[in-house]
file structure.txt (compact mmCIF, C-alpha atoms and all ligand atoms)
# COMPACT_ATOMS: atom_id res chain seq x y z
CA MET A 1 31.45 -127.23 -55.28
CA GLN A 2 35.21 -126.94 -55.10
CA MET A 3 36.92 -125.98 -58.33
CA LYS A 4 40.48 -126.96 -59.02
CA LEU A 5 42.38 -125.17 -61.72
CA PRO A 6 43.76 -127.76 -64.12
CA PHE A 7 47.17 -126.10 -64.36
CA LEU A 8 47.56 -125.83 -60.62
CA LYS A 9 48.77 -129.28 -59.81
CA SER A 10 50.14 -130.45 -56.53
CA LYS A 11 53.29 -132.56 -56.37
CA LYS A 12 51.08 -135.50 -55.49
CA ASP A 13 49.13 -135.02 -58.74
CA SER A 14 52.16 -135.20 -61.00
CA PRO A 15 54.75 -137.50 -59.43
CA SER A 16 56.18 -138.71 -62.73
CA GLN A 17 56.81 -135.36 -64.45
CA ASP A 18 60.00 -134.53 -62.63
CA ASN A 19 61.35 -132.17 -65.27
CA GLU A 20 58.33 -129.94 -65.57
CA LEU A 21 56.90 -130.48 -62.16
CA ILE A 22 54.27 -127.88 -61.47
CA THR A 23 55.06 -127.05 -57.92
CA ILE A 24 52.94 -126.17 -54.99
CA PRO A 25 55.02 -124.44 -52.30
CA GLU A 26 55.66 -126.78 -49.41
CA HIS A 27 55.72 -124.00 -46.82
CA VAL A 28 53.64 -120.82 -47.14
CA ALA A 29 53.96 -117.99 -44.63
CA ILE A 30 51.40 -115.18 -44.44
CA ILE A 31 51.53 -111.76 -42.82
CA MET A 32 47.81 -111.28 -42.27
CA ASP A 33 47.53 -107.50 -42.34
CA GLY A 34 44.78 -104.93 -42.79
CA ASN A 35 42.10 -105.95 -40.29
CA GLY A 36 41.95 -102.48 -38.74
CA ARG A 37 41.64 -100.69 -42.09
CA TRP A 38 38.97 -103.15 -43.22
CA ALA A 39 36.90 -102.28 -40.16
CA LYS A 40 37.54 -98.55 -40.44
CA LYS A 41 36.29 -98.52 -44.04
CA ARG A 42 33.00 -99.91 -42.73
CA GLY A 43 32.74 -97.56 -39.77
CA LEU A 44 33.32 -100.48 -37.40
CA PRO A 45 35.71 -100.78 -34.43
CA ARG A 46 39.12 -102.30 -35.28
CA VAL A 47 38.29 -105.47 -33.37
CA ALA A 48 35.48 -106.20 -35.84
CA GLY A 49 38.22 -106.57 -38.44
CA HIS A 50 40.09 -109.01 -36.23
CA LYS A 51 36.95 -111.08 -35.75
CA GLU A 52 36.33 -111.23 -39.50
CA GLY A 53 40.01 -112.06 -40.00
CA MET A 54 39.66 -115.05 -37.72
CA ASP A 55 37.12 -116.68 -40.01
CA VAL A 56 39.37 -115.98 -42.97
CA VAL A 57 42.13 -117.92 -41.18
CA LYS A 58 39.93 -121.00 -41.20
CA ARG A 59 39.05 -120.64 -44.87
CA THR A 60 42.73 -120.13 -45.70
CA VAL A 61 43.60 -123.32 -43.81
CA ASP A 62 40.98 -125.18 -45.85
CA THR A 63 42.53 -123.87 -49.07
CA ALA A 64 46.01 -124.89 -47.93
CA VAL A 65 44.74 -128.40 -47.19
CA LYS A 66 42.98 -128.54 -50.57
CA TYR A 67 46.18 -127.72 -52.49
CA ASN A 68 48.35 -130.02 -50.44
CA ILE A 69 50.51 -127.33 -48.85
CA LYS A 70 52.49 -128.93 -46.02
CA ILE A 71 53.16 -126.01 -43.69
CA LEU A 72 51.17 -122.81 -43.24
CA THR A 73 52.80 -120.25 -40.94
CA LEU A 74 50.49 -117.37 -40.00
CA PHE A 75 51.66 -114.17 -38.33
CA ALA A 76 48.92 -113.69 -35.73
CA PHE A 77 50.52 -111.47 -33.06
CA SER A 78 53.91 -109.82 -33.17
CA SER A 79 56.15 -108.99 -30.25
CA GLU A 80 55.58 -105.34 -31.27
CA ASN A 81 51.78 -105.62 -31.20
CA TRP A 82 51.89 -105.14 -27.38
CA LYS A 83 52.25 -101.43 -28.23
CA ARG A 84 48.59 -101.28 -29.24
CA PRO A 85 45.83 -100.02 -26.89
CA LYS A 86 45.22 -102.52 -24.09
CA PRO A 87 41.65 -103.44 -25.10
CA GLU A 88 42.83 -104.32 -28.63
CA VAL A 89 45.72 -106.40 -27.29
CA GLU A 90 43.32 -108.22 -24.98
CA TYR A 91 40.94 -108.88 -27.83
CA LEU A 92 43.71 -110.20 -30.06
CA LEU A 93 44.93 -112.54 -27.35
CA LYS A 94 41.44 -113.88 -26.78
CA LEU A 95 41.03 -114.75 -30.45
CA PRO A 96 43.11 -117.98 -30.42
CA LYS A 97 40.74 -119.43 -27.83
CA GLU A 98 37.69 -118.35 -29.80
CA PHE A 99 39.19 -119.66 -33.03
CA LEU A 100 39.93 -123.04 -31.50
CA HIS A 101 36.57 -123.22 -29.73
CA THR A 102 34.86 -122.77 -33.09
CA TYR A 103 37.16 -124.66 -35.41
CA LEU A 104 39.26 -127.22 -33.53
CA PRO A 105 36.88 -130.15 -34.17
CA ASP A 106 36.98 -129.50 -37.91
CA LEU A 107 40.77 -129.01 -37.88
CA ILE A 108 41.14 -132.36 -36.14
CA LYS A 109 38.86 -133.96 -38.72
CA ASN A 110 41.11 -132.54 -41.45
CA ASN A 111 44.23 -134.05 -39.84
CA VAL A 112 45.73 -130.60 -39.15
CA ARG A 113 48.52 -130.31 -36.59
CA ILE A 114 48.72 -127.06 -34.64
CA GLU A 115 51.99 -125.54 -33.48
CA THR A 116 53.27 -122.09 -32.55
CA ILE A 117 56.45 -120.09 -32.84
CA GLY A 118 57.28 -117.16 -30.59
CA ASP A 119 57.56 -116.34 -26.91
CA PHE A 120 54.77 -118.65 -25.73
CA ASP A 121 55.54 -118.36 -22.01
CA SER A 122 54.82 -114.62 -21.91
CA LEU A 123 51.28 -115.01 -23.28
CA PRO A 124 48.31 -114.72 -20.90
CA GLU A 125 47.33 -117.97 -19.12
CA HIS A 126 44.00 -118.28 -20.94
CA THR A 127 45.68 -117.99 -24.34
CA LYS A 128 48.36 -120.52 -23.44
CA GLU A 129 45.84 -122.96 -22.06
CA ALA A 130 43.63 -122.96 -25.16
CA VAL A 131 46.56 -123.19 -27.57
CA GLN A 132 48.37 -125.86 -25.57
CA TYR A 133 45.18 -127.93 -25.51
CA ALA A 134 44.97 -127.71 -29.32
CA LYS A 135 48.66 -128.58 -29.72
CA ASP A 136 48.24 -131.66 -27.51
CA LYS A 137 45.04 -132.72 -29.25
CA THR A 138 46.59 -132.49 -32.73
CA LYS A 139 50.18 -133.57 -32.05
CA ASP A 140 49.81 -136.93 -33.82
CA ASN A 141 48.10 -135.52 -36.91
CA ASN A 142 50.22 -135.68 -40.02
CA GLY A 143 48.33 -133.45 -42.44
CA LEU A 144 48.88 -129.71 -42.76
CA LEU A 145 51.09 -128.15 -40.08
CA LEU A 146 49.28 -124.97 -39.02
CA ASN A 147 51.93 -122.89 -37.38
CA PHE A 148 50.83 -119.72 -35.60
CA ALA A 149 53.42 -117.02 -34.97
CA LEU A 150 52.12 -115.78 -31.63
CA ASN A 151 54.02 -113.18 -29.69
CA TYR A 152 56.69 -113.64 -32.32
CA GLY A 153 59.52 -111.28 -33.27
CA SER A 154 62.40 -112.37 -35.42
CA ARG A 155 65.12 -110.28 -33.76
CA ASN A 156 64.10 -111.67 -30.36
CA GLU A 157 64.21 -115.14 -31.85
CA ILE A 158 67.76 -114.57 -33.08
CA ILE A 159 68.89 -113.14 -29.71
CA ARG A 160 67.34 -116.14 -27.98
CA ALA A 161 69.21 -118.49 -30.32
CA ILE A 162 72.52 -116.73 -29.62
CA LYS A 163 71.93 -117.06 -25.87
CA LEU A 164 71.04 -120.75 -26.13
CA ILE A 165 74.07 -121.44 -28.29
CA SER A 166 76.38 -119.54 -25.88
CA LYS A 167 75.00 -121.54 -23.00
CA ASP A 168 75.56 -124.84 -24.80
CA ILE A 169 79.12 -123.74 -25.59
CA ASP A 170 79.67 -122.84 -21.91
CA ASP A 171 78.29 -126.22 -20.90
CA SER A 172 80.64 -127.91 -23.42
CA LYS A 173 77.71 -129.35 -25.34
CA LEU A 174 78.83 -127.43 -28.41
CA SER A 175 82.04 -126.03 -29.79
CA LEU A 176 82.39 -122.83 -31.80
CA ASP A 177 83.55 -124.61 -34.95
CA GLN A 178 80.28 -126.53 -35.11
CA LEU A 179 78.50 -123.24 -35.75
CA ASP A 180 77.01 -123.13 -39.24
CA GLU A 181 73.72 -122.24 -40.94
CA SER A 182 72.03 -125.51 -40.13
CA LEU A 183 73.05 -125.28 -36.48
CA ILE A 184 71.61 -121.77 -36.17
CA SER A 185 68.36 -123.00 -37.77
CA LYS A 186 68.14 -125.65 -35.07
CA TYR A 187 68.16 -123.00 -32.34
CA LEU A 188 65.32 -120.96 -33.85
CA TYR A 189 61.64 -121.42 -33.01
CA THR A 190 61.24 -122.90 -36.50
CA GLN A 191 63.67 -125.77 -35.78
CA GLY A 192 62.94 -128.77 -37.95
CA LEU A 193 60.82 -126.82 -40.44
CA THR A 194 61.82 -126.10 -44.01
CA ASP A 195 62.14 -122.38 -44.77
CA PRO A 196 59.05 -120.78 -46.31
CA ASP A 197 58.90 -121.09 -50.11
CA LEU A 198 56.33 -118.33 -50.45
CA LEU A 199 55.59 -115.30 -48.27
CA ILE A 200 52.29 -113.50 -48.75
CA ARG A 201 51.51 -110.12 -47.17
CA THR A 202 48.09 -108.55 -47.51
CA SER A 203 47.00 -104.91 -47.16
CA GLY A 204 49.51 -103.28 -49.51
CA GLU A 205 52.34 -102.91 -46.99
CA GLN A 206 55.62 -104.16 -48.40
CA ARG A 207 57.74 -104.84 -45.35
CA LEU A 208 58.58 -107.78 -43.11
CA SER A 209 57.68 -106.21 -39.76
CA ASN A 210 60.23 -108.41 -37.95
CA PHE A 211 58.90 -111.69 -39.38
CA LEU A 212 61.21 -114.67 -40.03
CA LEU A 213 64.27 -112.60 -40.98
CA TRP A 214 66.60 -115.60 -41.09
CA GLN A 215 64.14 -118.04 -42.62
CA LEU A 216 63.04 -115.81 -45.52
CA ALA A 217 66.53 -115.46 -47.03
CA TYR A 218 65.49 -117.20 -50.28
CA THR A 219 61.71 -117.06 -50.04
CA GLU A 220 59.57 -115.73 -52.90
CA PHE A 221 57.54 -112.67 -51.82
CA TRP A 222 54.01 -111.90 -52.98
CA PHE A 223 52.16 -108.74 -51.99
CA THR A 224 48.52 -107.83 -52.49
CA ASP A 225 46.51 -104.70 -51.69
CA VAL A 226 43.64 -106.91 -50.53
CA LEU A 227 42.96 -106.48 -46.81
CA TRP A 228 43.17 -109.68 -44.77
CA PRO A 229 39.41 -109.98 -44.09
CA ASP A 230 38.86 -109.93 -47.89
CA PHE A 231 41.48 -112.61 -48.61
CA ASN A 232 40.00 -115.72 -50.19
CA GLU A 233 40.75 -118.85 -52.20
CA LYS A 234 40.82 -116.99 -55.51
CA ILE A 235 43.52 -114.61 -54.27
CA PHE A 236 45.46 -117.42 -52.62
CA VAL A 237 45.43 -119.31 -55.93
CA GLU A 238 46.67 -116.17 -57.72
CA ALA A 239 49.65 -116.18 -55.37
CA LEU A 240 50.27 -119.89 -55.95
CA LEU A 241 50.12 -119.46 -59.73
CA ASP A 242 52.51 -116.53 -59.56
CA TYR A 243 54.85 -118.63 -57.41
CA GLN A 244 54.83 -121.35 -60.08
CA ARG A 245 56.13 -118.86 -62.64
CA ARG A 246 59.08 -117.80 -60.48
CA SER A 247 62.54 -119.06 -61.21
CA ARG A 248 64.35 -119.79 -57.96
CA ARG A 249 68.07 -119.62 -58.57
CA TYR A 250 69.54 -119.37 -55.05
CA GLY A 251 72.46 -117.46 -56.47
CA GLY A 252 73.07 -119.96 -59.26
CA ILE A 253 72.18 -119.51 -62.92
C1 LIG B 1 46.54 -107.39 -38.79
O1 LIG B 1 45.73 -106.29 -38.97
C2 LIG B 1 46.32 -108.08 -37.48
C3 LIG B 1 47.41 -107.90 -36.52
C4 LIG B 1 48.49 -107.19 -36.70
C5 LIG B 1 47.26 -108.55 -35.25
P1 LIG B 1 46.06 -104.87 -38.34
O2 LIG B 1 45.41 -104.80 -37.00
O3 LIG B 1 47.50 -104.60 -38.35
O4 LIG B 1 45.28 -103.92 -39.35
P2 LIG B 1 45.79 -102.55 -39.94
O5 LIG B 1 47.14 -102.80 -40.52
O6 LIG B 1 45.84 -101.59 -38.81
O7 LIG B 1 44.79 -102.19 -40.97
C1 LIG B 2 52.46 -107.40 -38.68
O1 LIG B 2 51.47 -106.47 -38.89
C2 LIG B 2 52.08 -108.33 -37.56
C3 LIG B 2 50.96 -109.24 -37.81
C4 LIG B 2 50.33 -109.38 -38.94
C5 LIG B 2 50.57 -110.04 -36.68
P1 LIG B 2 51.53 -105.02 -38.21
O2 LIG B 2 50.31 -104.31 -38.66
O3 LIG B 2 51.73 -105.15 -36.75
O4 LIG B 2 52.85 -104.42 -38.84
P2 LIG B 2 53.27 -102.91 -39.08
O5 LIG B 2 53.13 -102.20 -37.77
O6 LIG B 2 52.34 -102.34 -40.10
O7 LIG B 2 54.67 -102.99 -39.58
MG MG B 3 48.74 -103.74 -39.68
call {"tool": "encode", "arguments": {"input": "structure.txt", "output": "structure tokens", "more": "lines below"}}
Ligand code: IPE
Ligand code: IPE
Ligand code: MG
result
Amino acid sequence: MQMKLPFLKSKKDSPSQDNELITIPEHVAIIMDGNGRWAKKRGLPRVAGHKEGMDVVKRTVDTAVKYNIKILTLFAFSSENWKRPKPEVEYLLKLPKEFLHTYLPDLIKNNVRIETIGDFDSLPEHTKEAVQYAKDKTKDNNGLLLNFALNYGSRNEIIRAIKLISKDIDDSKLSLDQLDESLISKYLYTQGLTDPDLLIRTSGEQRLSNFLLWQLAYTEFWFTDVLWPDFNEKIFVEALLDYQRRSRRYGGI
């Protein structure tokens, strides 16, 4: 049976209480970290942690749907993760296909739309094929947007944006005085998405590891020592409750 905490209300649940609206973050981003350490603690190979982490992704999606979160951005593979031993990289890049093979029917049933951010073209063919299939299959869904950061690095994303902007200026599609924050946002992989309201990182590390540097400018951060394979609804709800107690001032008073 699913339990809903009475004081954790979604916007939908309390449309008339504008002044004391108990807010659910619209966009949650998660740095899913600690798979390797989880496996090591159990005497298992690192990839066993990644496999376990994959199932936790699905349960986390279910929780996000339950609490009416609109966008869930998950850091699945960074542009720096290519530095890992080849067999681990290969395993990580096979996981999207396995994840979708197992869970796509249920995601479709739950009206989830799948998207990615990152350098998609440089991924292996088999990864691209599986993910593109899921994107196409879910493109008309209007429930949770499940956004995987796959082969994603924020500095690369910013360089790419600068190049695209320069090209559009060269081609006279843009002029320099049009350049402002909203224009830059439009040239990032996250174009059209609101910035994350809440960033969660598991495993005790307190760094961004090149994740969404531009987009996290005013995001609330929440760190936990829990390793990703041990992440669950209870811990997610802890983060949401903590978020509700934050006062977001954006430089105001
Ligand atoms: C997160 O777990 C998964 C990815 C980075 C792909 P790690 O593999 O980084 O696990 P730790 O940090 O080594 O424990
Ligand atoms: C960040 O975790 C990337 C993902 C979760 C996909 P890492 O484990 O790669 O980050 P560092 O190396 O600890 O900074
Ligand atoms: Mg790590």
call {"tool": "closest_residue", "arguments": {"input": "structure.txt", "among": "A:Leu123, A:Val65, A:Leu92, A:Leu188", "to": "ligand LIG 1 (chain B)", "atoms": "only C-alpha atoms and all ligand atoms"}}
result
A:Leu92
call {"tool": "residues_around", "arguments": {"input": "structure.txt", "residues": "Ile165 in chain A", "least_positions_apart": "6", "cutoff": "9 Å", "atoms": "all atoms listed in the file", "output": "list of chain:residue names"}}
result
A:Leu174, A:Leu179, A:Ile184, A:Tyr187
call {"tool": "write_last_selection", "arguments": {"input": "structure.txt", "atoms": "C-alpha atoms", "output": "PDB file, keeping the file's coordinate frame"}}
result
ATOM      1  CA  LEU A 174      78.830-127.430 -28.410  1.00  0.00           C
ATOM      2  CA  LEU A 179      78.500-123.240 -35.750  1.00  0.00           C
ATOM      3  CA  ILE A 184      71.610-121.770 -36.170  1.00  0.00           C
ATOM      4  CA  TYR A 187      68.160-123.000 -32.340  1.00  0.00           C
TER       5      TYR A 187
END
call {"tool": "closest_residue", "arguments": {"input": "structure.txt", "among": "A:Ser166, A:Asn156, A:Ser247, A:Thr202", "to": "Phe75 in chain A", "atoms": "only C-alpha atoms"}}
result
A:Thr202
call {"tool": "closest_residue", "arguments": {"input": "structure.txt", "among": "A:Tyr218, A:Thr60, A:Arg42, A:Lys97", "to": "His126 in chain A", "atoms": "all atoms listed in the file"}}
result
A:Lys97
call {"tool": "closest_residue", "arguments": {"input": "structure.txt", "among": "A:Trp82, A:Phe236, A:Phe77, A:Tyr67", "to": "Glu26 in chain A", "atoms": "only C-alpha atoms"}}
result
A:Tyr67
call {"tool": "residues_around", "arguments": {"input": "structure.txt", "residues": "Glu220 in chain A", "least_positions_apart": "6", "cutoff": "7 Å", "atoms": "all atoms listed in the file", "output": "list in words"}}
result
Asp197, Leu198 and Leu199 of chain A
call {"tool": "closest_residue", "arguments": {"input": "structure.txt", "among": "A:Ile108, A:Leu72, A:Ala134, A:Val47", "to": "ligand LIG 1 (chain B)", "atoms": "all atoms listed in the file"}}
result
A:Val47
call {"tool": "closest_residue", "arguments": {"input": "structure.txt", "among": "A:His101, A:Leu176, A:Ser209, A:Asn111", "to": "Asn81 in chain A", "atoms": "all atoms listed in the file"}}
result
A:Ser209
call {"tool": "residues_around", "arguments": {"input": "structure.txt", "residues": "Thr73 in chain A", "least_positions_apart": "4", "cutoff": "10 Å", "atoms": "only C-alpha atoms", "output": "number ranges by chain"}}
result
A: 27-31, 115-117, 145-149, 190, 196, 199
call {"tool": "residues_near_ligand", "arguments": {"input": "structure.txt", "ligand": "ligand LIG 2 (chain B)", "cutoff": "12 Å", "atoms": "only C-alpha atoms and all ligand atoms", "output": "count of residues only"}}
result
50
call {"tool": "atom_distance", "arguments": {"input": "structure.txt", "atom1": "CA of Asp225 in chain A", "atom2": "CA of Pro25 in chain A"}}
result
21.5 Å
call {"tool": "build_atoms", "arguments": {"input": "structure.txt", "residues": "range 20-40 of chain A", "atoms": "N, CA, C and O atoms", "output": "CSV table (one decimal), in the coordinates of the input"}}
result
chain,number,residue,atom,x,y,z
A,20,GLU,N,59.2,-131.1,-65.5
A,20,GLU,CA,58.3,-129.9,-65.6
A,20,GLU,C,57.3,-130.0,-64.5
A,20,GLU,O,56.1,-129.7,-64.7
A,21,LEU,N,57.8,-130.4,-63.3
A,21,LEU,CA,56.9,-130.5,-62.2
A,21,LEU,C,56.3,-129.1,-61.9
A,21,LEU,O,56.9,-128.1,-61.8
A,22,ILE,N,55.0,-129.1,-61.8
A,22,ILE,CA,54.3,-127.9,-61.5
A,22,ILE,C,54.1,-127.8,-60.0
A,22,ILE,O,53.4,-128.6,-59.4
A,23,THR,N,54.9,-127.0,-59.4
A,23,THR,CA,55.1,-127.0,-57.9
A,23,THR,C,54.1,-126.2,-57.1
A,23,THR,O,53.8,-125.1,-57.4
A,24,ILE,N,53.7,-126.9,-56.0
A,24,ILE,CA,52.9,-126.2,-55.0
A,24,ILE,C,54.0,-125.9,-53.9
A,24,ILE,O,54.8,-126.8,-53.6
A,25,PRO,N,54.0,-124.7,-53.4
A,25,PRO,CA,55.0,-124.4,-52.3
A,25,PRO,C,54.7,-125.4,-51.1
A,25,PRO,O,53.6,-125.6,-50.7
A,26,GLU,N,55.8,-125.9,-50.6
A,26,GLU,CA,55.7,-126.8,-49.4
A,26,GLU,C,55.3,-126.0,-48.2
A,26,GLU,O,54.4,-126.4,-47.4
A,27,HIS,N,55.9,-124.8,-48.0
A,27,HIS,CA,55.7,-124.0,-46.8
A,27,HIS,C,55.3,-122.6,-47.3
A,27,HIS,O,56.1,-121.9,-47.9
A,28,VAL,N,54.1,-122.2,-46.9
A,28,VAL,CA,53.6,-120.8,-47.1
A,28,VAL,C,53.5,-120.1,-45.8
A,28,VAL,O,53.0,-120.6,-44.8
A,29,ALA,N,54.1,-118.9,-45.8
A,29,ALA,CA,54.0,-118.0,-44.6
A,29,ALA,C,53.1,-116.8,-45.0
A,29,ALA,O,53.3,-116.3,-46.1
A,30,ILE,N,52.3,-116.3,-44.1
A,30,ILE,CA,51.4,-115.2,-44.4
A,30,ILE,C,51.4,-114.1,-43.3
A,30,ILE,O,51.3,-114.5,-42.1
A,31,ILE,N,51.7,-112.9,-43.7
A,31,ILE,CA,51.5,-111.8,-42.8
A,31,ILE,C,50.1,-111.2,-43.1
A,31,ILE,O,49.8,-110.6,-44.1
A,32,MET,N,49.2,-111.6,-42.1
A,32,MET,CA,47.8,-111.3,-42.3
A,32,MET,C,47.6,-109.9,-41.8
A,32,MET,O,47.4,-109.6,-40.6
A,33,ASP,N,47.6,-108.9,-42.7
A,33,ASP,CA,47.5,-107.5,-42.3
A,33,ASP,C,46.3,-106.8,-42.9
A,33,ASP,O,45.9,-107.2,-44.0
A,34,GLY,N,45.8,-105.8,-42.3
A,34,GLY,CA,44.8,-104.9,-42.8
A,34,GLY,C,43.4,-105.1,-42.1
A,34,GLY,O,42.4,-104.5,-42.6
A,35,ASN,N,43.4,-105.8,-41.0
A,35,ASN,CA,42.1,-106.0,-40.3
A,35,ASN,C,41.5,-104.6,-39.8
A,35,ASN,O,40.3,-104.4,-40.0
A,36,GLY,N,42.4,-103.8,-39.3
A,36,GLY,CA,42.0,-102.5,-38.7
A,36,GLY,C,41.4,-101.6,-39.8
A,36,GLY,O,40.3,-101.0,-39.7
A,37,ARG,N,42.1,-101.5,-41.0
A,37,ARG,CA,41.6,-100.7,-42.1
A,37,ARG,C,40.3,-101.2,-42.7
A,37,ARG,O,39.5,-100.4,-43.1
A,38,TRP,N,40.2,-102.5,-42.7
A,38,TRP,CA,39.0,-103.2,-43.2
A,38,TRP,C,37.8,-102.7,-42.4
A,38,TRP,O,36.7,-102.3,-42.9
A,39,ALA,N,38.0,-102.7,-41.1
A,39,ALA,CA,36.9,-102.3,-40.2
A,39,ALA,C,36.6,-100.8,-40.3
A,39,ALA,O,35.5,-100.4,-40.4
A,40,LYS,N,37.7,-100.0,-40.4
A,40,LYS,CA,37.5,-98.6,-40.4
A,40,LYS,C,36.7,-98.1,-41.7
A,40,LYS,O,35.9,-97.3,-41.6
